[in-house]
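S.K.: Provided herewith: data-v8.csv, CSV, N, CA and C atoms.
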```
chain,number,residue,atom,x,y,z
T,1,MET,N,10.0,-118.5,77.6
T,1,MET,CA,9.2,-119.2,76.6
T,1,MET,C,8.5,-118.2,75.7
T,2,GLU,N,8.0,-117.0,76.2
T,2,GLU,CA,7.4,-116.0,75.4
T,2,GLU,C,8.4,-115.4,74.4
T,3,LYS,N,9.7,-115.2,74.9
T,3,LYS,CA,10.7,-114.6,74.1
T,3,LYS,C,11.0,-115.5,72.9
T,4,GLU,N,11.0,-116.8,73.0
T,4,GLU,CA,11.2,-117.6,71.9
T,4,GLU,C,10.1,-117.5,70.8
T,5,GLY,N,8.9,-117.4,71.2
T,5,GLY,CA,7.8,-117.2,70.3
T,5,GLY,C,7.9,-115.9,69.6
T,6,LEU,N,8.3,-114.8,70.3
T,6,LEU,CA,8.5,-113.5,69.7
T,6,LEU,C,9.6,-113.5,68.7
T,7,LYS,N,10.7,-114.2,69.0
T,7,LYS,CA,11.8,-114.3,68.1
T,7,LYS,C,11.4,-115.0,66.8
T,8,LYS,N,10.6,-116.1,67.0
T,8,LYS,CA,10.2,-116.9,65.8
T,8,LYS,C,9.2,-116.0,65.0
T,9,GLU,N,8.4,-115.3,65.6
T,9,GLU,CA,7.5,-114.4,64.8
T,9,GLU,C,8.2,-113.3,64.1
T,10,LEU,N,9.3,-112.8,64.7
T,10,LEU,CA,10.1,-111.7,64.1
T,10,LEU,C,10.8,-112.3,62.9
T,11,LYS,N,11.3,-113.5,63.0
T,11,LYS,CA,12.0,-114.2,61.9
T,11,LYS,C,11.1,-114.5,60.8
T,12,ASN,N,9.9,-114.9,61.1
T,12,ASN,CA,8.9,-115.2,60.0
T,12,ASN,C,8.5,-113.9,59.3
T,13,TYR,N,8.3,-112.8,60.1
T,13,TYR,CA,7.9,-111.5,59.6
T,13,TYR,C,9.0,-111.0,58.6
T,14,GLU,N,10.3,-111.1,59.1
T,14,GLU,CA,11.4,-110.7,58.2
T,14,GLU,C,11.4,-111.5,56.9
T,15,ARG,N,11.2,-112.8,57.0
T,15,ARG,CA,11.3,-113.7,55.9
T,15,ARG,C,10.2,-113.4,54.9
T,16,ASN,N,9.0,-113.2,55.4
T,16,ASN,CA,7.8,-112.9,54.6
T,16,ASN,C,8.0,-111.5,53.9
T,17,VAL,N,8.4,-110.5,54.6
T,17,VAL,CA,8.6,-109.2,54.0
T,17,VAL,C,9.7,-109.3,52.9
T,18,THR,N,10.8,-110.1,53.2
T,18,THR,CA,11.9,-110.2,52.2
T,18,THR,C,11.4,-110.9,51.0
T,19,ILE,N,10.5,-111.9,51.1
T,19,ILE,CA,10.0,-112.6,49.9
T,19,ILE,C,9.1,-111.6,49.1
T,20,ILE,N,8.3,-110.9,49.8
T,20,ILE,CA,7.4,-109.9,49.1
T,20,ILE,C,8.3,-108.9,48.3
T,21,LEU,N,9.3,-108.4,49.0
T,21,LEU,CA,10.2,-107.4,48.4
T,21,LEU,C,11.0,-107.9,47.2
T,22,VAL,N,11.4,-109.2,47.3
T,22,VAL,CA,12.1,-109.8,46.1
T,22,VAL,C,11.1,-109.9,45.0
T,23,ILE,N,9.9,-110.4,45.2
T,23,ILE,CA,8.9,-110.5,44.1
T,23,ILE,C,8.6,-109.1,43.5
T,24,LEU,N,8.4,-108.1,44.3
T,24,LEU,CA,8.2,-106.8,43.8
T,24,LEU,C,9.3,-106.2,43.0
T,25,THR,N,10.6,-106.5,43.5
T,25,THR,CA,11.7,-106.0,42.7
T,25,THR,C,11.9,-106.7,41.4
T,26,ALA,N,11.6,-108.0,41.4
T,26,ALA,CA,11.6,-108.8,40.1
T,26,ALA,C,10.6,-108.2,39.1
T,27,ILE,N,9.4,-107.9,39.6
T,27,ILE,CA,8.4,-107.3,38.7
T,27,ILE,C,8.9,-105.9,38.2
T,28,SER,N,9.5,-105.2,39.1
T,28,SER,CA,10.0,-103.9,38.7
T,28,SER,C,11.1,-104.0,37.7
T,29,LEU,N,12.0,-105.0,37.8
T,29,LEU,CA,13.0,-105.2,36.8
T,29,LEU,C,12.5,-105.6,35.4
T,30,VAL,N,11.4,-106.4,35.4
T,30,VAL,CA,10.8,-106.8,34.2
T,30,VAL,C,10.1,-105.5,33.5
T,31,ILE,N,9.5,-104.7,34.3
T,31,ILE,CA,8.9,-103.5,33.8
T,31,ILE,C,10.0,-102.6,33.2
T,32,ASP,N,11.2,-102.5,33.9
T,32,ASP,CA,12.3,-101.7,33.4
T,32,ASP,C,12.8,-102.2,32.1
T,33,PHE,N,13.0,-103.6,32.0
T,33,PHE,CA,13.4,-104.2,30.8
T,33,PHE,C,12.5,-103.8,29.6
T,34,LEU,N,11.2,-104.0,29.8
T,34,LEU,CA,10.3,-103.7,28.7
T,34,LEU,C,10.3,-102.2,28.3
T,35,SER,N,10.4,-101.3,29.3
T,35,SER,CA,10.3,-99.9,29.1
T,35,SER,C,11.6,-99.5,28.3
T,36,TYR,N,12.8,-99.9,28.8
T,36,TYR,CA,14.0,-99.5,28.2
T,36,TYR,C,14.2,-100.1,26.8
T,37,THR,N,13.7,-101.3,26.6
T,37,THR,CA,13.7,-101.9,25.3
T,37,THR,C,12.9,-101.1,24.3
T,38,CYS,N,11.8,-100.6,24.7
T,38,CYS,CA,10.9,-99.8,23.9
T,38,CYS,C,11.6,-98.5,23.6
T,39,MET,N,12.2,-97.9,24.6
T,39,MET,CA,12.9,-96.6,24.5
T,39,MET,C,14.1,-96.7,23.6
T,40,VAL,N,14.9,-97.7,23.7
T,40,VAL,CA,16.1,-97.8,22.9
T,40,VAL,C,15.8,-98.2,21.5
T,41,TYR,N,14.9,-99.1,21.2
T,41,TYR,CA,14.7,-99.6,19.9
T,41,TYR,C,13.5,-99.0,19.2
T,42,GLY,N,12.7,-98.2,19.9
T,42,GLY,CA,11.5,-97.6,19.4
T,42,GLY,C,11.7,-96.6,18.3
T,43,ASP,N,12.8,-95.9,18.3
T,43,ASP,CA,13.1,-94.9,17.3
T,43,ASP,C,13.7,-95.4,16.0
T,44,ALA,N,14.3,-96.6,16.0
T,44,ALA,CA,14.9,-97.2,14.8
T,44,ALA,C,13.8,-97.7,13.9
T,45,SER,N,14.0,-97.4,12.6
T,45,SER,CA,12.9,-97.8,11.7
T,45,SER,C,13.0,-99.3,11.3
T,46,PHE,N,14.1,-100.0,11.6
T,46,PHE,CA,14.2,-101.4,11.2
T,46,PHE,C,13.9,-102.3,12.3
T,47,TYR,N,13.4,-101.9,13.4
T,47,TYR,CA,12.9,-102.7,14.5
T,47,TYR,C,11.4,-102.6,14.6
T,48,ASN,N,10.7,-103.7,14.6
T,48,ASN,CA,9.3,-103.7,14.7
T,48,ASN,C,8.9,-103.7,16.2
T,49,THR,N,8.6,-102.6,16.8
T,49,THR,CA,8.3,-102.5,18.2
T,49,THR,C,6.8,-102.2,18.5
T,50,ASP,N,6.0,-102.5,17.5
T,50,ASP,CA,4.6,-102.3,17.7
T,50,ASP,C,4.0,-103.1,18.8
T,51,ALA,N,4.4,-104.3,19.0
T,51,ALA,CA,3.8,-105.2,20.0
T,51,ALA,C,4.2,-104.7,21.4
T,52,ILE,N,5.4,-104.4,21.6
T,52,ILE,CA,5.9,-104.0,22.9
T,52,ILE,C,5.3,-102.6,23.2
T,53,ARG,N,5.2,-101.7,22.2
T,53,ARG,CA,4.7,-100.4,22.4
T,53,ARG,C,3.2,-100.5,22.8
T,54,SER,N,2.5,-101.4,22.2
T,54,SER,CA,1.0,-101.5,22.6
T,54,SER,C,0.9,-102.0,24.0
T,55,VAL,N,1.8,-102.9,24.5
T,55,VAL,CA,1.7,-103.3,25.9
T,55,VAL,C,2.1,-102.2,26.8
T,56,ILE,N,3.1,-101.4,26.5
T,56,ILE,CA,3.6,-100.3,27.4
T,56,ILE,C,2.6,-99.2,27.4
T,57,ASP,N,1.9,-98.9,26.3
T,57,ASP,CA,0.9,-97.8,26.3
T,57,ASP,C,-0.4,-98.2,26.8
T,58,SER,N,-0.6,-99.4,27.2
T,58,SER,CA,-1.9,-99.9,27.7
T,58,SER,C,-2.1,-99.3,29.2
T,59,GLY,N,-3.4,-99.2,29.5
T,59,GLY,CA,-3.7,-98.7,30.9
T,59,GLY,C,-3.3,-99.6,32.0
T,60,TRP,N,-3.5,-100.9,31.8
T,60,TRP,CA,-3.2,-101.9,32.8
T,60,TRP,C,-1.7,-101.9,33.1
T,61,PHE,N,-0.8,-101.7,32.1
T,61,PHE,CA,0.6,-101.6,32.3
T,61,PHE,C,1.0,-100.5,33.2
T,62,MET,N,0.4,-99.3,33.0
T,62,MET,CA,0.6,-98.1,33.8
T,62,MET,C,0.1,-98.4,35.2
T,63,THR,N,-1.0,-99.1,35.4
T,63,THR,CA,-1.5,-99.4,36.7
T,63,THR,C,-0.5,-100.3,37.4
T,64,ILE,N,0.0,-101.3,36.7
T,64,ILE,CA,1.0,-102.2,37.3
T,64,ILE,C,2.3,-101.4,37.7
T,65,ILE,N,2.7,-100.5,36.9
T,65,ILE,CA,3.9,-99.7,37.3
T,65,ILE,C,3.6,-98.9,38.6
T,66,TRP,N,2.5,-98.2,38.7
T,66,TRP,CA,2.2,-97.4,39.9
T,66,TRP,C,2.0,-98.3,41.1
T,67,VAL,N,1.3,-99.4,41.0
T,67,VAL,CA,1.1,-100.3,42.1
T,67,VAL,C,2.4,-100.9,42.6
T,68,ASP,N,3.2,-101.3,41.6
T,68,ASP,CA,4.5,-101.9,42.0
T,68,ASP,C,5.4,-100.9,42.7
T,69,ASN,N,5.5,-99.7,42.1
T,69,ASN,CA,6.4,-98.7,42.7
T,69,ASN,C,5.9,-98.3,44.1
T,70,ILE,N,4.6,-98.1,44.3
T,70,ILE,CA,4.1,-97.8,45.7
T,70,ILE,C,4.3,-98.9,46.6
T,71,ALA,N,4.0,-100.1,46.1
T,71,ALA,CA,4.2,-101.3,47.0
T,71,ALA,C,5.7,-101.5,47.4
T,72,ILE,N,6.6,-101.2,46.5
T,72,ILE,CA,8.0,-101.3,46.9
T,72,ILE,C,8.4,-100.3,48.0
T,73,TYR,N,7.9,-99.1,47.8
T,73,TYR,CA,8.2,-98.1,48.8
T,73,TYR,C,7.6,-98.4,50.2
T,74,VAL,N,6.4,-98.9,50.2
T,74,VAL,CA,5.8,-99.3,51.5
T,74,VAL,C,6.4,-100.5,52.1
T,75,THR,N,6.7,-101.5,51.3
T,75,THR,CA,7.3,-102.7,51.7
T,75,THR,C,8.7,-102.4,52.3
T,76,ASN,N,9.4,-101.5,51.6
T,76,ASN,CA,10.7,-101.1,52.1
T,76,ASN,C,10.7,-100.5,53.5
T,77,LEU,N,9.6,-99.8,53.9
T,77,LEU,CA,9.5,-99.3,55.2
T,77,LEU,C,9.4,-100.5,56.2
T,78,PHE,N,8.6,-101.5,55.9
T,78,PHE,CA,8.5,-102.6,56.8
T,78,PHE,C,9.8,-103.4,56.8
T,79,TYR,N,10.4,-103.5,55.7
T,79,TYR,CA,11.7,-104.3,55.6
T,79,TYR,C,12.8,-103.6,56.4
T,80,ALA,N,12.8,-102.3,56.3
T,80,ALA,CA,13.8,-101.6,57.1
T,80,ALA,C,13.6,-101.8,58.6
T,81,ALA,N,12.4,-101.8,59.0
T,81,ALA,CA,12.1,-102.0,60.4
T,81,ALA,C,12.5,-103.4,60.8
T,82,ALA,N,12.2,-104.4,60.0
T,82,ALA,CA,12.6,-105.8,60.3
T,82,ALA,C,14.1,-105.9,60.3
T,83,VAL,N,14.8,-105.3,59.4
T,83,VAL,CA,16.3,-105.4,59.4
T,83,VAL,C,16.9,-104.7,60.6
T,84,ILE,N,16.4,-103.6,61.0
T,84,ILE,CA,16.9,-103.0,62.2
T,84,ILE,C,16.7,-103.8,63.4
T,85,ASP,N,15.6,-104.5,63.5
T,85,ASP,CA,15.3,-105.4,64.7
T,85,ASP,C,16.2,-106.6,64.7
T,86,SER,N,16.5,-107.2,63.5
T,86,SER,CA,17.2,-108.4,63.4
T,86,SER,C,18.7,-108.2,63.6
T,87,LYS,N,19.3,-107.2,63.1
T,87,LYS,CA,20.7,-106.8,63.2
T,87,LYS,C,21.6,-107.9,62.7
T,88,ARG,N,21.1,-108.8,61.8
T,88,ARG,CA,22.0,-109.8,61.1
T,88,ARG,C,22.1,-109.4,59.7
T,89,ASN,N,23.3,-109.4,59.2
T,89,ASN,CA,23.6,-109.1,57.8
T,89,ASN,C,23.0,-107.7,57.4
T,90,LEU,N,23.3,-106.8,58.3
T,90,LEU,CA,22.6,-105.5,58.2
T,90,LEU,C,23.0,-104.7,56.9
T,91,ILE,N,24.3,-104.8,56.5
T,91,ILE,CA,24.8,-104.0,55.3
T,91,ILE,C,24.2,-104.7,54.1
T,92,VAL,N,24.2,-106.0,54.0
T,92,VAL,CA,23.6,-106.7,52.8
T,92,VAL,C,22.1,-106.4,52.6
T,93,LYS,N,21.4,-106.4,53.7
T,93,LYS,CA,20.0,-106.2,53.6
T,93,LYS,C,19.6,-104.7,53.3
T,94,ILE,N,20.4,-103.8,53.8
T,94,ILE,CA,20.2,-102.4,53.5
T,94,ILE,C,20.5,-102.1,52.1
T,95,ALA,N,21.6,-102.8,51.6
T,95,ALA,CA,22.0,-102.6,50.2
T,95,ALA,C,20.9,-103.2,49.3
T,96,PHE,N,20.2,-104.3,49.6
T,96,PHE,CA,19.1,-104.8,48.8
T,96,PHE,C,17.9,-103.9,48.9
T,97,ALA,N,17.7,-103.3,50.0
T,97,ALA,CA,16.6,-102.3,50.1
T,97,ALA,C,16.8,-101.1,49.2
T,98,ILE,N,18.0,-100.6,49.2
T,98,ILE,CA,18.4,-99.5,48.3
T,98,ILE,C,18.3,-99.9,46.8
T,99,PHE,N,18.8,-101.1,46.5
T,99,PHE,CA,18.7,-101.6,45.1
T,99,PHE,C,17.2,-101.7,44.7
T,100,SER,N,16.3,-102.2,45.6
T,100,SER,CA,14.9,-102.3,45.2
T,100,SER,C,14.3,-101.0,44.9
T,101,ILE,N,14.7,-100.0,45.7
T,101,ILE,CA,14.1,-98.6,45.4
T,101,ILE,C,14.7,-98.1,44.1
T,102,LEU,N,16.0,-98.3,43.9
T,102,LEU,CA,16.6,-97.8,42.7
T,102,LEU,C,16.2,-98.5,41.4
T,103,SER,N,15.6,-99.7,41.6
T,103,SER,CA,15.1,-100.4,40.4
T,103,SER,C,13.7,-100.0,39.9
T,104,THR,N,13.1,-99.1,40.6
T,104,THR,CA,11.8,-98.7,40.2
T,104,THR,C,11.9,-97.7,39.0
T,105,LEU,N,10.9,-97.7,38.1
T,105,LEU,CA,11.0,-96.9,36.9
T,105,LEU,C,10.9,-95.4,37.3
T,106,LEU,N,10.2,-95.0,38.3
T,106,LEU,CA,10.2,-93.6,38.6
T,106,LEU,C,11.5,-93.1,39.0
T,107,ILE,N,12.3,-93.8,39.8
T,107,ILE,CA,13.6,-93.4,40.2
T,107,ILE,C,14.5,-93.4,39.0
T,108,ASN,N,14.4,-94.5,38.2
T,108,ASN,CA,15.3,-94.5,37.0
T,108,ASN,C,15.1,-93.3,36.1
T,109,ILE,N,13.9,-92.9,35.9
T,109,ILE,CA,13.6,-91.7,35.0
T,109,ILE,C,14.2,-90.5,35.7
T,110,GLN,N,14.1,-90.4,37.0
T,110,GLN,CA,14.7,-89.2,37.6
T,110,GLN,C,16.3,-89.2,37.5
T,111,ILE,N,16.9,-90.4,37.6
T,111,ILE,CA,18.3,-90.5,37.4
T,111,ILE,C,18.7,-90.1,36.0
T,112,VAL,N,18.0,-90.6,35.0
T,112,VAL,CA,18.3,-90.3,33.6
T,112,VAL,C,18.1,-88.8,33.4
T,113,ASN,N,17.1,-88.2,33.9
T,113,ASN,CA,16.9,-86.7,33.8
T,113,ASN,C,18.0,-86.0,34.5
T,114,LEU,N,18.5,-86.4,35.6
T,114,LEU,CA,19.6,-85.7,36.3
T,114,LEU,C,20.8,-85.8,35.5
T,115,ILE,N,21.1,-87.0,34.9
T,115,ILE,CA,22.4,-87.1,34.1
T,115,ILE,C,22.2,-86.3,32.8
T,116,ALA,N,21.0,-86.3,32.2
T,116,ALA,CA,20.8,-85.5,31.0
T,116,ALA,C,21.0,-84.0,31.2
T,117,SER,N,20.5,-83.5,32.4
T,117,SER,CA,20.6,-82.1,32.7
T,117,SER,C,22.0,-81.8,33.0
T,118,ALA,N,22.8,-82.7,33.6
T,118,ALA,CA,24.2,-82.4,33.9
T,118,ALA,C,25.0,-82.3,32.7
T,119,PHE,N,24.6,-83.0,31.6
T,119,PHE,CA,25.4,-82.9,30.3
T,119,PHE,C,24.7,-81.9,29.4
T,120,GLY,N,23.7,-81.1,29.8
T,120,GLY,CA,23.1,-80.1,29.0
T,120,GLY,C,22.2,-80.6,27.9
T,121,MET,N,21.6,-81.7,28.1
T,121,MET,CA,20.8,-82.3,27.1
T,121,MET,C,19.4,-81.7,27.1
T,122,PHE,N,19.0,-81.1,28.2
T,122,PHE,CA,17.6,-80.5,28.3
T,122,PHE,C,17.8,-79.0,28.5
```
In structure tokens, write the structure found in this file.
M.R.:
Amino acid sequence: MEKEGLKKELKNYERNVTIILVILTAISLVIDFLSYTCMVYGDASFYNTDAIRSVIDSGWFMTIIWVDNIAIYVTNLFYAAAVIDSKRNLIVKIAFAIFSILSTLLINIQIVNLIASAFGMF
């Protein structure tokens, strides 16, 4: 009887952590879209990017970026623990965890810098 309650709690825990991670990843992707749009179209003189640049340069946006990135890393630790315990769809869940980490702006900037330095741009 106690084992059934423990399994139910583990299932709820995994589901809750998954929902939180999906929401945080969606927020991270929106941040990425805004940032990359500003980076790509910000230098062209025929695009008016003042509105998006003012949003990106604001302090609250930077706060959201940092809170979202840290929350994704911490939530991924709990998600990995839940995935290892459940042992169902292990590869898919681990792939999602890796995708959520790679979707953060901090990791994207590091990847861009790595590629740029490989091609001698810096």
S.K.: Mind giving me the straight-line distance from atom CA of Ala95 of chain T to atom N of Asn16 of chain T in Å, one decimal?
M.R.: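 Interatomic distance, atom CA of Ala95 of chain T to atom N of Asn16 of chain T: 17.6 Å.
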S.K.: How many Å separate atom N of Asp32 of chain T from atom N of Met121 of chain T?
M.R.: 24.0 Å
S.K.: Could you state the separation of atom C of Asp68 of chain T and atom C of Ala97 of chain T in Å, given to one decimal place?
M.R.: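 Between these atoms lies a distance of 13.1 Å.
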S.K.: Using all atoms listed in the file, can you tell me which of T:Ser100, T:Val92, T:Ile31, T:Thr37 comes closest to Thr49 of chain T?
M.R.: T:Thr37
S.K.: Going by DSSP on the backbone, which bits of chain T are helix (DSSP H, G or I)? Write them as a PyMOL selection string, please.
M.R.: chain T and resi 2-41+50-56+59-86+90-102+105-118
S.K.: What would segment 46-57 of chain T look like with all heavy atoms restored, written as a short mmCIF file (atom, residue, chain, number, x, y, z; two decimals), keeping the file's coordinate frame?
M.R.:
```cif
data_model
loop_
_atom_site.label_atom_id
_atom_site.label_comp_id
_atom_site.auth_asym_id
_atom_site.auth_seq_id
_atom_site.Cartn_x
_atom_site.Cartn_y
_atom_site.Cartn_z
N PHE T 46 14.10 -100.00 11.60
CA PHE T 46 14.20 -101.40 11.20
C PHE T 46 13.90 -102.30 12.30
O PHE T 46 14.04 -103.54 12.10
CB PHE T 46 15.65 -101.67 10.61
CG PHE T 46 16.77 -101.11 11.43
CD1 PHE T 46 17.31 -101.83 12.48
CD2 PHE T 46 17.27 -99.85 11.15
CE1 PHE T 46 18.34 -101.31 13.23
CE2 PHE T 46 18.30 -99.33 11.91
CZ PHE T 46 18.84 -100.04 12.94
N TYR T 47 13.40 -101.90 13.40
CA TYR T 47 12.90 -102.70 14.50
C TYR T 47 11.40 -102.60 14.60
O TYR T 47 10.88 -101.48 14.63
CB TYR T 47 13.52 -102.41 15.82
CG TYR T 47 14.99 -102.71 15.91
CD1 TYR T 47 15.92 -101.70 16.04
CD2 TYR T 47 15.45 -104.02 15.89
CE1 TYR T 47 17.27 -101.97 16.13
CE2 TYR T 47 16.79 -104.31 15.97
CZ TYR T 47 17.71 -103.28 16.09
OH TYR T 47 19.03 -103.56 16.19
N ASN T 48 10.70 -103.70 14.60
CA ASN T 48 9.30 -103.70 14.70
C ASN T 48 8.90 -103.70 16.20
O ASN T 48 8.94 -104.78 16.85
CB ASN T 48 8.62 -104.86 14.01
CG ASN T 48 7.11 -104.79 14.03
OD1 ASN T 48 6.54 -103.81 14.47
ND2 ASN T 48 6.49 -105.85 13.55
N THR T 49 8.60 -102.60 16.80
CA THR T 49 8.30 -102.50 18.20
C THR T 49 6.80 -102.20 18.50
O THR T 49 6.49 -101.75 19.58
CB THR T 49 9.16 -101.39 18.89
OG1 THR T 49 8.86 -100.14 18.25
CG2 THR T 49 10.64 -101.69 18.79
N ASP T 50 6.00 -102.50 17.50
CA ASP T 50 4.60 -102.30 17.70
C ASP T 50 4.00 -103.10 18.80
O ASP T 50 3.14 -102.58 19.62
CB ASP T 50 3.80 -102.54 16.42
CG ASP T 50 4.16 -101.56 15.32
OD1 ASP T 50 4.64 -100.46 15.66
OD2 ASP T 50 3.98 -101.91 14.13
N ALA T 51 4.40 -104.30 19.00
CA ALA T 51 3.80 -105.20 20.00
C ALA T 51 4.20 -104.70 21.40
O ALA T 51 3.31 -104.63 22.28
CB ALA T 51 4.24 -106.65 19.78
N ILE T 52 5.40 -104.40 21.60
CA ILE T 52 5.90 -104.00 22.90
C ILE T 52 5.30 -102.60 23.20
O ILE T 52 5.01 -102.29 24.36
CB ILE T 52 7.42 -104.06 23.04
CG1 ILE T 52 7.83 -103.96 24.50
CG2 ILE T 52 8.11 -103.01 22.24
CD1 ILE T 52 9.28 -104.29 24.74
N ARG T 53 5.20 -101.70 22.20
CA ARG T 53 4.70 -100.40 22.40
C ARG T 53 3.20 -100.50 22.80
O ARG T 53 2.77 -99.69 23.65
CB ARG T 53 4.90 -99.53 21.20
CG ARG T 53 4.51 -98.09 21.44
CD ARG T 53 4.99 -97.17 20.38
NE ARG T 53 6.43 -97.14 20.21
CZ ARG T 53 7.27 -96.45 20.99
NH1 ARG T 53 6.80 -95.77 22.00
NH2 ARG T 53 8.56 -96.45 20.75
N SER T 54 2.50 -101.40 22.20
CA SER T 54 1.00 -101.50 22.60
C SER T 54 0.90 -102.00 24.00
O SER T 54 -0.05 -101.59 24.71
CB SER T 54 0.33 -102.43 21.60
OG SER T 54 0.79 -103.75 21.73
N VAL T 55 1.80 -102.90 24.50
CA VAL T 55 1.70 -103.30 25.90
C VAL T 55 2.10 -102.20 26.80
O VAL T 55 1.39 -101.94 27.81
CB VAL T 55 2.72 -104.50 26.08
CG1 VAL T 55 2.88 -104.81 27.56
CG2 VAL T 55 2.23 -105.72 25.33
N ILE T 56 3.10 -101.40 26.50
CA ILE T 56 3.60 -100.30 27.40
C ILE T 56 2.60 -99.20 27.40
O ILE T 56 2.38 -98.57 28.46
CB ILE T 56 4.97 -99.87 26.96
CG1 ILE T 56 5.98 -100.96 27.31
CG2 ILE T 56 5.34 -98.56 27.62
CD1 ILE T 56 7.38 -100.68 26.88
N ASP T 57 1.90 -98.90 26.30
CA ASP T 57 0.90 -97.80 26.30
C ASP T 57 -0.40 -98.20 26.80
O ASP T 57 -1.29 -97.33 26.96
CB ASP T 57 0.76 -97.35 24.82
CG ASP T 57 2.00 -96.65 24.31
OD1 ASP T 57 2.81 -96.19 25.15
OD2 ASP T 57 2.17 -96.55 23.08
#
```
